[in-house]
$ cat work-v2.txt   # compact mmCIF, C-alpha atoms
# COMPACT_ATOMS: atom_id res chain seq x y z
CA PRO L 1199 -151.87 -34.69 -55.26
CA GLY L 1200 -152.94 -34.27 -51.68
CA SER L 1201 -156.48 -33.36 -52.72
CA SER L 1202 -158.23 -36.55 -51.64
CA PHE L 1203 -160.43 -36.33 -48.59
CA ARG L 1204 -162.57 -38.49 -46.35
CA SER L 1205 -166.20 -37.55 -46.02
CA SER L 1206 -169.19 -39.71 -46.81
CA PRO L 1207 -171.62 -37.11 -45.38
CA SER L 1208 -170.62 -34.44 -47.91
CA ASN L 1209 -170.94 -36.81 -50.84
CA ARG L 1210 -174.43 -37.87 -49.71
CA PHE L 1211 -175.59 -34.31 -49.15
CA GLY L 1212 -174.65 -32.55 -52.33
CA THR L 1213 -172.01 -31.44 -54.74
CA LEU L 1214 -168.68 -29.93 -53.80
CA GLN L 1215 -167.08 -27.61 -56.31
CA ARG L 1216 -163.48 -26.68 -55.62
CA THR L 1217 -160.30 -25.51 -57.21
CA SER L 1218 -157.10 -27.33 -56.36
CA HIS L 1219 -154.85 -24.93 -54.44
CA GLY L 1220 -152.80 -27.55 -52.61
CA GLY L 1221 -155.95 -29.68 -52.55
CA ALA L 1222 -157.25 -27.90 -49.45
CA VAL L 1223 -159.13 -24.77 -50.55
CA ALA L 1224 -162.78 -24.77 -51.57
CA ARG L 1225 -163.70 -21.71 -53.58
CA ALA L 1226 -167.36 -22.58 -53.86
CA VAL L 1227 -169.60 -24.96 -51.98
CA THR L 1228 -172.99 -25.76 -53.46
CA LEU L 1229 -175.82 -27.41 -51.61
CA GLU L 1230 -177.54 -28.58 -54.79
CA ALA L 1231 -178.41 -32.07 -53.62
CA SER L 1232 -180.76 -34.60 -55.12
CA ALA L 1233 -184.48 -34.07 -54.63
CA SER L 1234 -184.79 -37.27 -52.63
CA GLU L 1235 -182.09 -36.11 -50.20
CA LEU L 1236 -183.27 -32.56 -49.59
CA LYS L 1237 -187.05 -32.77 -49.82
CA LEU L 1238 -188.34 -30.75 -46.93
CA ASP L 1239 -191.34 -33.03 -46.41
CA ALA L 1240 -188.96 -35.99 -45.96
CA ILE L 1241 -187.65 -34.54 -42.70
CA GLN L 1242 -190.68 -32.53 -41.61
CA GLY L 1243 -191.41 -33.24 -37.96
CA ARG L 1244 -188.19 -35.19 -37.45
CA ASN L 1245 -185.74 -34.37 -34.69
CA VAL L 1246 -182.57 -32.76 -36.02
CA VAL L 1247 -180.44 -34.89 -33.69
CA ASP L 1248 -181.65 -38.03 -35.49
CA VAL L 1249 -181.20 -36.42 -38.89
CA LEU L 1250 -177.56 -35.56 -38.12
CA ALA L 1251 -176.78 -38.94 -36.55
CA GLU L 1252 -178.10 -40.82 -39.59
CA ARG L 1253 -175.72 -38.87 -41.82
CA GLY L 1254 -172.62 -39.33 -39.69
CA LEU L 1255 -172.64 -35.65 -38.74
CA LEU L 1256 -172.91 -36.08 -34.97
CA ASP L 1257 -169.78 -36.52 -32.89
CA ALA L 1258 -170.65 -35.31 -29.38
CA VAL L 1259 -173.44 -33.41 -27.60
CA THR L 1260 -173.26 -31.70 -24.21
CA ASN L 1261 -176.69 -33.03 -23.20
CA GLU L 1262 -178.26 -35.09 -25.96
CA GLU L 1263 -181.48 -35.96 -24.15
CA GLU L 1264 -182.24 -32.34 -23.28
CA LEU L 1265 -181.28 -31.16 -26.77
CA ARG L 1266 -183.75 -33.63 -28.28
CA LYS L 1267 -186.47 -32.15 -26.10
CA ALA L 1268 -185.49 -28.58 -26.91
CA ALA L 1269 -185.33 -29.34 -30.65
CA ALA L 1270 -189.05 -30.15 -30.63
CA SER L 1271 -189.46 -26.35 -30.88
CA PRO L 1272 -187.59 -23.95 -33.18
CA LEU L 1273 -184.05 -23.16 -32.02
CA LYS L 1274 -181.31 -20.79 -33.09
CA VAL L 1275 -177.97 -22.46 -33.77
CA TYR L 1276 -174.63 -20.92 -34.67
CA CYS L 1277 -171.29 -21.86 -36.12
CA GLY L 1278 -168.23 -19.61 -36.13
CA PHE L 1279 -166.05 -18.83 -39.15
CA ASP L 1280 -162.74 -17.08 -38.54
CA PRO L 1281 -161.52 -14.93 -41.47
CA THR L 1282 -158.10 -16.48 -41.98
CA ALA L 1283 -158.56 -16.29 -45.78
CA ASP L 1284 -160.87 -14.53 -48.22
CA SER L 1285 -162.97 -17.63 -48.91
CA LEU L 1286 -164.30 -20.73 -47.27
CA HIS L 1287 -162.39 -23.99 -47.57
CA LEU L 1288 -163.03 -27.73 -47.34
CA GLY L 1289 -162.67 -27.66 -43.57
CA ASN L 1290 -165.77 -25.42 -43.39
CA LEU L 1291 -167.92 -27.79 -45.42
CA LEU L 1292 -169.35 -29.92 -42.62
CA GLY L 1293 -170.17 -26.89 -40.49
CA ILE L 1294 -172.23 -25.48 -43.35
CA LEU L 1295 -173.94 -28.83 -43.91
CA VAL L 1296 -174.88 -29.13 -40.23
CA LEU L 1297 -176.27 -25.58 -40.22
CA ALA L 1298 -178.24 -26.43 -43.37
CA TRP L 1299 -179.76 -29.55 -41.78
CA PHE L 1300 -180.78 -27.56 -38.71
CA GLN L 1301 -182.35 -25.06 -41.10
CA ARG L 1302 -184.26 -27.73 -43.01
CA CYS L 1303 -185.58 -29.08 -39.72
CA GLY L 1304 -187.14 -25.69 -38.99
CA HIS L 1305 -184.39 -24.09 -36.89
CA THR L 1306 -182.64 -20.78 -37.57
CA PRO L 1307 -178.94 -20.91 -38.53
CA VAL L 1308 -176.57 -18.14 -37.50
CA ALA L 1309 -173.14 -17.81 -39.12
CA LEU L 1310 -170.78 -15.90 -36.85
CA LEU L 1311 -167.87 -14.16 -38.55
CA GLY L 1312 -164.80 -13.80 -36.36
CA GLY L 1313 -163.93 -10.20 -37.07
CA ALA L 1314 -162.59 -10.00 -33.50
CA THR L 1315 -161.43 -13.56 -32.77
CA GLY L 1316 -159.70 -13.67 -36.16
CA ARG L 1317 -157.29 -11.10 -34.77
CA VAL L 1318 -156.27 -13.61 -32.08
CA GLY L 1319 -156.31 -17.00 -33.83
CA ASP L 1320 -157.76 -20.28 -32.62
CA PRO L 1321 -155.02 -22.66 -31.35
CA SER L 1322 -157.29 -25.72 -31.60
CA GLY L 1323 -155.69 -28.42 -33.73
CA LYS L 1324 -152.62 -26.26 -34.41
CA SER L 1325 -149.03 -27.16 -33.57
CA ALA L 1326 -147.87 -23.56 -33.96
CA GLU L 1327 -149.36 -20.10 -33.61
CA ARG L 1328 -151.28 -18.78 -36.60
CA PRO L 1329 -149.69 -15.91 -38.56
CA VAL L 1330 -151.04 -12.49 -37.58
CA LEU L 1331 -153.05 -10.73 -40.29
CA ASP L 1332 -153.37 -6.97 -40.52
CA ASP L 1333 -156.76 -5.33 -39.98
CA ALA L 1334 -157.31 -4.52 -43.65
CA THR L 1335 -156.76 -8.15 -44.66
CA ILE L 1336 -159.09 -9.41 -41.95
CA GLU L 1337 -161.83 -7.00 -43.03
CA ALA L 1338 -161.45 -8.05 -46.66
CA ASN L 1339 -161.59 -11.72 -45.64
CA VAL L 1340 -164.74 -11.10 -43.59
CA ALA L 1341 -166.42 -9.49 -46.59
CA GLY L 1342 -165.49 -12.39 -48.88
CA ILE L 1343 -166.72 -15.09 -46.50
CA GLU L 1344 -169.91 -13.17 -45.75
CA ARG L 1345 -170.87 -13.11 -49.43
CA THR L 1346 -170.53 -16.89 -49.69
CA LEU L 1347 -172.41 -17.62 -46.47
CA ALA L 1348 -175.24 -15.30 -47.50
CA THR L 1349 -175.65 -17.32 -50.69
CA LEU L 1350 -175.69 -20.63 -48.82
CA LEU L 1351 -177.94 -19.78 -45.88
CA ARG L 1352 -180.46 -17.36 -47.34
CA ASP L 1353 -183.25 -17.65 -49.91
CA ARG L 1354 -182.78 -21.32 -50.74
CA GLY L 1355 -186.35 -22.44 -50.18
CA ALA L 1356 -185.72 -23.49 -46.57
CA PRO L 1357 -188.40 -22.91 -43.91
CA THR L 1358 -186.21 -20.33 -42.12
CA GLN L 1359 -183.68 -17.74 -43.24
CA GLY L 1360 -180.14 -17.65 -41.92
CA HIS L 1361 -178.49 -14.73 -40.16
CA ILE L 1362 -174.90 -13.53 -40.40
CA MET L 1363 -173.21 -11.68 -37.54
CA ASN L 1364 -169.72 -10.38 -36.75
CA ASN L 1365 -168.31 -10.66 -33.23
CA LEU L 1366 -166.33 -7.46 -33.73
CA ASP L 1367 -169.68 -5.70 -33.27
CA TRP L 1368 -169.62 -6.48 -29.54
CA PHE L 1369 -165.94 -7.07 -28.79
CA GLY L 1370 -165.12 -3.73 -30.42
CA GLU L 1371 -167.14 -2.01 -27.70
CA ILE L 1372 -165.67 -3.86 -24.70
CA GLY L 1373 -162.56 -2.60 -22.93
CA LEU L 1374 -159.94 -4.98 -21.52
CA LEU L 1375 -160.56 -4.08 -17.88
CA GLU L 1376 -164.31 -4.34 -18.36
CA PHE L 1377 -163.95 -7.78 -19.97
CA LEU L 1378 -161.66 -9.07 -17.22
CA ARG L 1379 -163.98 -7.75 -14.51
CA ASP L 1380 -167.30 -8.88 -16.00
CA VAL L 1381 -166.29 -12.08 -17.81
CA GLY L 1382 -162.79 -13.18 -16.80
CA LYS L 1383 -163.70 -13.67 -13.15
CA PHE L 1384 -166.07 -16.47 -14.15
CA ALA L 1385 -163.36 -18.43 -16.00
CA ARG L 1386 -161.57 -21.13 -14.01
CA MET L 1387 -157.86 -21.56 -14.75
CA GLY L 1388 -157.88 -25.27 -14.00
CA THR L 1389 -160.62 -25.86 -16.54
CA MET L 1390 -158.92 -23.72 -19.17
CA LEU L 1391 -155.56 -25.46 -18.69
CA GLY L 1392 -157.25 -28.87 -18.89
CA LYS L 1393 -158.60 -28.36 -22.41
CA ASP L 1394 -157.07 -30.78 -24.91
CA SER L 1395 -156.08 -27.99 -27.31
CA VAL L 1396 -154.17 -26.21 -24.52
CA ARG L 1397 -152.55 -29.33 -23.05
CA ALA L 1398 -151.28 -30.45 -26.44
CA ARG L 1399 -149.57 -27.12 -27.07
CA LEU L 1400 -148.12 -26.84 -23.56
CA GLU L 1401 -146.58 -30.29 -23.96
CA GLY L 1402 -144.96 -29.13 -27.22
CA ASP L 1403 -143.52 -25.71 -27.99
CA GLY L 1404 -145.95 -23.88 -25.71
CA MET L 1405 -148.51 -21.22 -26.55
CA SER L 1406 -148.83 -17.47 -26.15
CA PHE L 1407 -151.17 -15.79 -23.69
CA THR L 1408 -153.02 -14.41 -26.71
CA GLU L 1409 -153.86 -17.89 -27.94
CA PHE L 1410 -154.67 -19.05 -24.43
CA THR L 1411 -157.40 -16.42 -24.14
CA TYR L 1412 -159.11 -17.55 -27.35
CA GLN L 1413 -161.38 -20.04 -25.60
CA LEU L 1414 -162.60 -17.26 -23.30
CA LEU L 1415 -163.38 -15.02 -26.28
CA GLN L 1416 -165.26 -17.78 -28.08
CA GLY L 1417 -167.02 -18.64 -24.85
CA TYR L 1418 -168.21 -15.06 -24.51
CA ASP L 1419 -169.51 -15.15 -28.10
CA PHE L 1420 -171.94 -17.85 -26.96
CA VAL L 1421 -172.88 -15.82 -23.86
CA HIS L 1422 -173.64 -12.74 -25.98
CA LEU L 1423 -175.60 -14.65 -28.62
CA HIS L 1424 -177.56 -16.55 -25.96
CA ARG L 1425 -178.39 -13.41 -23.97
CA GLU L 1426 -179.03 -10.96 -26.80
CA HIS L 1427 -180.32 -13.18 -29.63
CA GLN L 1428 -181.62 -16.33 -27.87
CA VAL L 1429 -179.14 -18.60 -29.65
CA SER L 1430 -179.11 -21.85 -27.69
CA VAL L 1431 -176.90 -24.21 -29.73
CA GLN L 1432 -173.29 -23.90 -30.86
CA ILE L 1433 -171.87 -26.34 -33.39
CA GLY L 1434 -168.27 -26.97 -34.40
CA GLY L 1435 -165.75 -29.60 -35.43
CA SER L 1436 -164.66 -32.16 -32.87
CA ASP L 1437 -161.52 -30.10 -32.17
CA GLN L 1438 -163.80 -27.29 -30.96
CA TRP L 1439 -165.23 -29.24 -28.02
CA GLY L 1440 -163.12 -27.35 -25.46
CA ASN L 1441 -164.07 -23.94 -26.85
CA ILE L 1442 -167.75 -24.89 -27.06
CA THR L 1443 -167.92 -26.19 -23.50
CA ALA L 1444 -166.14 -23.03 -22.36
CA GLY L 1445 -169.20 -21.21 -23.69
CA THR L 1446 -171.80 -23.44 -22.06
CA ASP L 1447 -169.88 -23.20 -18.78
CA LEU L 1448 -169.75 -19.39 -18.99
CA ILE L 1449 -173.49 -19.25 -19.66
CA ARG L 1450 -174.14 -21.31 -16.53
CA ARG L 1451 -171.83 -19.18 -14.39
CA LEU L 1452 -172.50 -15.72 -15.81
CA LEU L 1453 -176.17 -15.94 -16.81
CA GLN L 1454 -177.22 -18.59 -14.29
CA LYS L 1455 -178.85 -20.59 -17.08
CA ASP L 1456 -178.60 -24.21 -18.16
CA SER L 1457 -180.32 -23.76 -21.50
CA ALA L 1458 -177.36 -23.85 -23.91
CA PHE L 1459 -176.09 -26.85 -25.86
CA GLY L 1460 -172.91 -27.76 -27.70
CA VAL L 1461 -172.77 -30.09 -30.69
CA THR L 1462 -169.67 -31.28 -32.53
CA PHE L 1463 -169.34 -33.06 -35.84
CA PRO L 1464 -166.42 -35.16 -37.17
CA LEU L 1465 -163.58 -33.28 -38.80
CA LEU L 1466 -163.11 -33.44 -42.54
CA LEU L 1467 -159.65 -34.95 -42.92
CA LYS L 1468 -157.09 -35.15 -45.68
CA SER L 1469 -155.79 -38.52 -46.81
CA ASP L 1470 -152.89 -38.28 -44.34
CA GLY L 1471 -155.31 -37.82 -41.41
CA SER L 1472 -154.63 -34.10 -40.90
CA LYS L 1473 -157.42 -31.50 -40.93
CA PHE L 1474 -158.13 -29.15 -43.80
CA GLY L 1475 -157.32 -25.53 -43.08
CA LYS L 1476 -156.37 -22.22 -44.63
CA SER L 1477 -153.61 -21.07 -42.32
CA GLU L 1478 -151.11 -23.91 -42.50
$ encode --input "work-v2.txt" --output "structure tokens"
Amino acid sequence: PGSSFRSSPSNRFGTLQRTSHGGAVARAVTLEASASELKLDAIQGRNVVDVLAERGLLDAVTNEEELRKAAASPLKVYCGFDPTADSLHLGNLLGILVLAWFQRCGHTPVALLGGATGRVGDPSGKSAERPVLDDATIEANVAGIERTLATLLRDRGAPTQGHIMNNLDWFGEIGLLEFLRDVGKFARMGTMLGKDSVRARLEGDGMSFTEFTYQLLQGYDFVHLHREHQVSVQIGGSDQWGNITAGTDLIRRLLQKDSAFGVTFPLLLKSDGSKFGKSE
């Protein structure tokens, strides 16, 4: 009961293996799809934007025309995974599939583990604040998710190999005053308050300052990856649009560059229309 889900893209792509813990937790995701679906020569030379659109995996793009042009050359693309549990779940499935399609089109996928942002908690799509996990639990969750992502994004016969990073590696070295001085001054309050995820919470029971700052932290992830690792595309579920555009806006303001793109895909929903997650 409660384990049904809506997703034609996942069924077309491959096989989903899961255990039924409330119908919402995926213990293992396999990308063992049919030969006709995953043949590399079938998509060789094709633009990844078209590949995603054909499979119902494209919801919104910050600048689709420019992304199409940029995707003619190899790109680096990332998706974030916050360690709210020790494994991935059904809600992560489409993010992994989109990374995999970028990879099969010759681009380099980057999985970003939220060792730092997981200590704050993303308010997007949530009606209440996430429970706070202790550091030991977060570190154990990071290790568990990293093992799974390494299996999915590395050594699978794709033309590029995936990378796994942890945003605690850079946030752990930044002091609060330094962050406010060097990053916070580029964030506009009006824009932050206008995000759908923030407005929805403010119209309800409200949100903490900690949650409010999450979009700035995620935005800086994109700045760091763009500046230090030449990552130019961030992907996420449709509820991540505000956080993703916070990143592209920060890159324009802080780095004076207009070379970053945001891409969202439809959310994987349960039969009642709510999103899959680990922290409900």
$ residues_around --input "work-v2.txt" --residues "Val1246 in chain L" --least-positions-apart "3" --cutoff "9 Å" --atoms "all atoms listed in the file" --output "list of chain:residue names"
L:Ile1241, L:Val1249, L:Leu1250, L:Ala1251, L:Arg1266, L:Ala1269, L:Ala1270, L:Trp1299, L:Phe1300, L:Arg1302, L:Cys1303, L:Gly1304, L:His1305
$ closest_residue --input "work-v2.txt" --among "L:Leu1286, L:Ala1348, L:Ile1433, L:Leu1265" --to "Pro1464 in chain L" --atoms "all atoms listed in the file"
L:Ile1433
$ closest_residue --input "work-v2.txt" --among "L:Thr1315, L:Ser1395, L:Ser1457, L:Asn1339" --to "Trp1439 in chain L" --atoms "all atoms listed in the file"
L:Ser1395
$ atom_distance --input "work-v2.txt" --atom1 "CA of Asp1403 in chain L" --atom2 "CA of Asp1447 in chain L"
28.0 Å
$ closest_residue --input "work-v2.txt" --among "L:Ser1285, L:Thr1335, L:Gln1301, L:Thr1260" --to "Gln1359 in chain L" --atoms "only C-alpha atoms"
L:Gln1301
$ atom_distance --input "work-v2.txt" --atom1 "CA of Ser1271 in chain L" --atom2 "CA of Gly1243 in chain L"
10.1 Å
$ residues_near_point --input "work-v2.txt" --point "(-157.8, -20.2, -28.3)" --cutoff "12 Å" --atoms "all atoms listed in the file" --output "short mmCIF file (atom, residue, chain, number, x, y, z; two decimals) with C-alpha atoms, in the frame of the given file"
data_model
loop_
_atom_site.label_atom_id
_atom_site.label_comp_id
_atom_site.auth_asym_id
_atom_site.auth_seq_id
_atom_site.Cartn_x
_atom_site.Cartn_y
_atom_site.Cartn_z
CA ASP L 1280 -162.74 -17.08 -38.54
CA THR L 1315 -161.43 -13.56 -32.77
CA GLY L 1316 -159.70 -13.67 -36.16
CA ARG L 1317 -157.29 -11.10 -34.77
CA VAL L 1318 -156.27 -13.61 -32.08
CA GLY L 1319 -156.31 -17.00 -33.83
CA ASP L 1320 -157.76 -20.28 -32.62
CA PRO L 1321 -155.02 -22.66 -31.35
CA SER L 1322 -157.29 -25.72 -31.60
CA GLY L 1323 -155.69 -28.42 -33.73
CA LYS L 1324 -152.62 -26.26 -34.41
CA ALA L 1326 -147.87 -23.56 -33.96
CA GLU L 1327 -149.36 -20.10 -33.61
CA ARG L 1328 -151.28 -18.78 -36.60
CA MET L 1390 -158.92 -23.72 -19.17
CA LEU L 1391 -155.56 -25.46 -18.69
CA LYS L 1393 -158.60 -28.36 -22.41
CA ASP L 1394 -157.07 -30.78 -24.91
CA SER L 1395 -156.08 -27.99 -27.31
CA VAL L 1396 -154.17 -26.21 -24.52
CA ARG L 1397 -152.55 -29.33 -23.05
CA ARG L 1399 -149.57 -27.12 -27.07
CA MET L 1405 -148.51 -21.22 -26.55
CA SER L 1406 -148.83 -17.47 -26.15
CA PHE L 1407 -151.17 -15.79 -23.69
CA THR L 1408 -153.02 -14.41 -26.71
CA GLU L 1409 -153.86 -17.89 -27.94
CA PHE L 1410 -154.67 -19.05 -24.43
CA THR L 1411 -157.40 -16.42 -24.14
CA TYR L 1412 -159.11 -17.55 -27.35
CA GLN L 1413 -161.38 -20.04 -25.60
CA LEU L 1414 -162.60 -17.26 -23.30
CA LEU L 1415 -163.38 -15.02 -26.28
CA GLN L 1416 -165.26 -17.78 -28.08
CA GLY L 1417 -167.02 -18.64 -24.85
CA ASP L 1437 -161.52 -30.10 -32.17
CA GLN L 1438 -163.80 -27.29 -30.96
CA TRP L 1439 -165.23 -29.24 -28.02
CA GLY L 1440 -163.12 -27.35 -25.46
CA ASN L 1441 -164.07 -23.94 -26.85
CA ILE L 1442 -167.75 -24.89 -27.06
CA ALA L 1444 -166.14 -23.03 -22.36
#
$ closest_residue --input "work-v2.txt" --among "L:Ala1283, L:Leu1453, L:Leu1311, L:Cys1277" --to "His1424 in chain L" --atoms "all atoms listed in the file"
L:Leu1453
$ closest_residue --input "work-v2.txt" --among "L:Val1308, L:Ala1298, L:Ala1314, L:Leu1467" --to "Phe1369 in chain L" --atoms "only C-alpha atoms"
L:Ala1314
$ residues_near_point --input "work-v2.txt" --point "(-171.8, -9.4, -35.9)" --cutoff "10 Å" --atoms "only C-alpha atoms" --output "PDB file with C-alpha atoms, keeping the file's coordinate frame"
ATOM      1  CA  ALA L1309    -173.140 -17.810 -39.120  1.00  0.00           C
ATOM      2  CA  LEU L1310    -170.780 -15.900 -36.850  1.00  0.00           C
ATOM      3  CA  LEU L1311    -167.870 -14.160 -38.550  1.00  0.00           C
ATOM      4  CA  GLY L1312    -164.800 -13.800 -36.360  1.00  0.00           C
ATOM      5  CA  GLY L1313    -163.930 -10.200 -37.070  1.00  0.00           C
ATOM      6  CA  ALA L1314    -162.590 -10.000 -33.500  1.00  0.00           C
ATOM      7  CA  HIS L1361    -178.490 -14.730 -40.160  1.00  0.00           C
ATOM      8  CA  ILE L1362    -174.900 -13.530 -40.400  1.00  0.00           C
ATOM      9  CA  MET L1363    -173.210 -11.680 -37.540  1.00  0.00           C
ATOM     10  CA  ASN L1364    -169.720 -10.380 -36.750  1.00  0.00           C
ATOM     11  CA  ASN L1365    -168.310 -10.660 -33.230  1.00  0.00           C
ATOM     12  CA  LEU L1366    -166.330  -7.460 -33.730  1.00  0.00           C
ATOM     13  CA  ASP L1367    -169.680  -5.700 -33.270  1.00  0.00           C
ATOM     14  CA  TRP L1368    -169.620  -6.480 -29.540  1.00  0.00           C
ATOM     15  CA  PHE L1369    -165.940  -7.070 -28.790  1.00  0.00           C
ATOM     16  CA  ASP L1419    -169.510 -15.150 -28.100  1.00  0.00           C
ATOM     17  CA  LEU L1423    -175.600 -14.650 -28.620  1.00  0.00           C
TER      18      LEU L1423
END
$ atom_distance --input "work-v2.txt" --atom1 "CA of Thr1443 in chain L" --atom2 "CA of Arg1425 in chain L"
16.5 Å
$ closest_residue --input "work-v2.txt" --among "L:Arg1451, L:Arg1352, L:Lys1274, L:Ala1338" --to "Gln1432 in chain L" --atoms "only C-alpha atoms"
L:Lys1274
$ residues_around --input "work-v2.txt" --residues "Leu1452 in chain L" --least-positions-apart "5" --cutoff "9 Å" --atoms "only C-alpha atoms" --output "CSV table (one decimal) with C-alpha atoms, keeping the file's coordinate frame"
chain,number,residue,atom,x,y,z
L,1380,ASP,CA,-167.3,-8.9,-16.0
L,1381,VAL,CA,-166.3,-12.1,-17.8
L,1384,PHE,CA,-166.1,-16.5,-14.2
L,1421,VAL,CA,-172.9,-15.8,-23.9
L,1447,ASP,CA,-169.9,-23.2,-18.8
$ residues_around --input "work-v2.txt" --residues "Thr1446 in chain L" --least-positions-apart "4" --cutoff "7 Å" --atoms "all atoms listed in the file" --output "list in words"
Ile1442, Arg1450, Ala1458 and Phe1459 of chain L
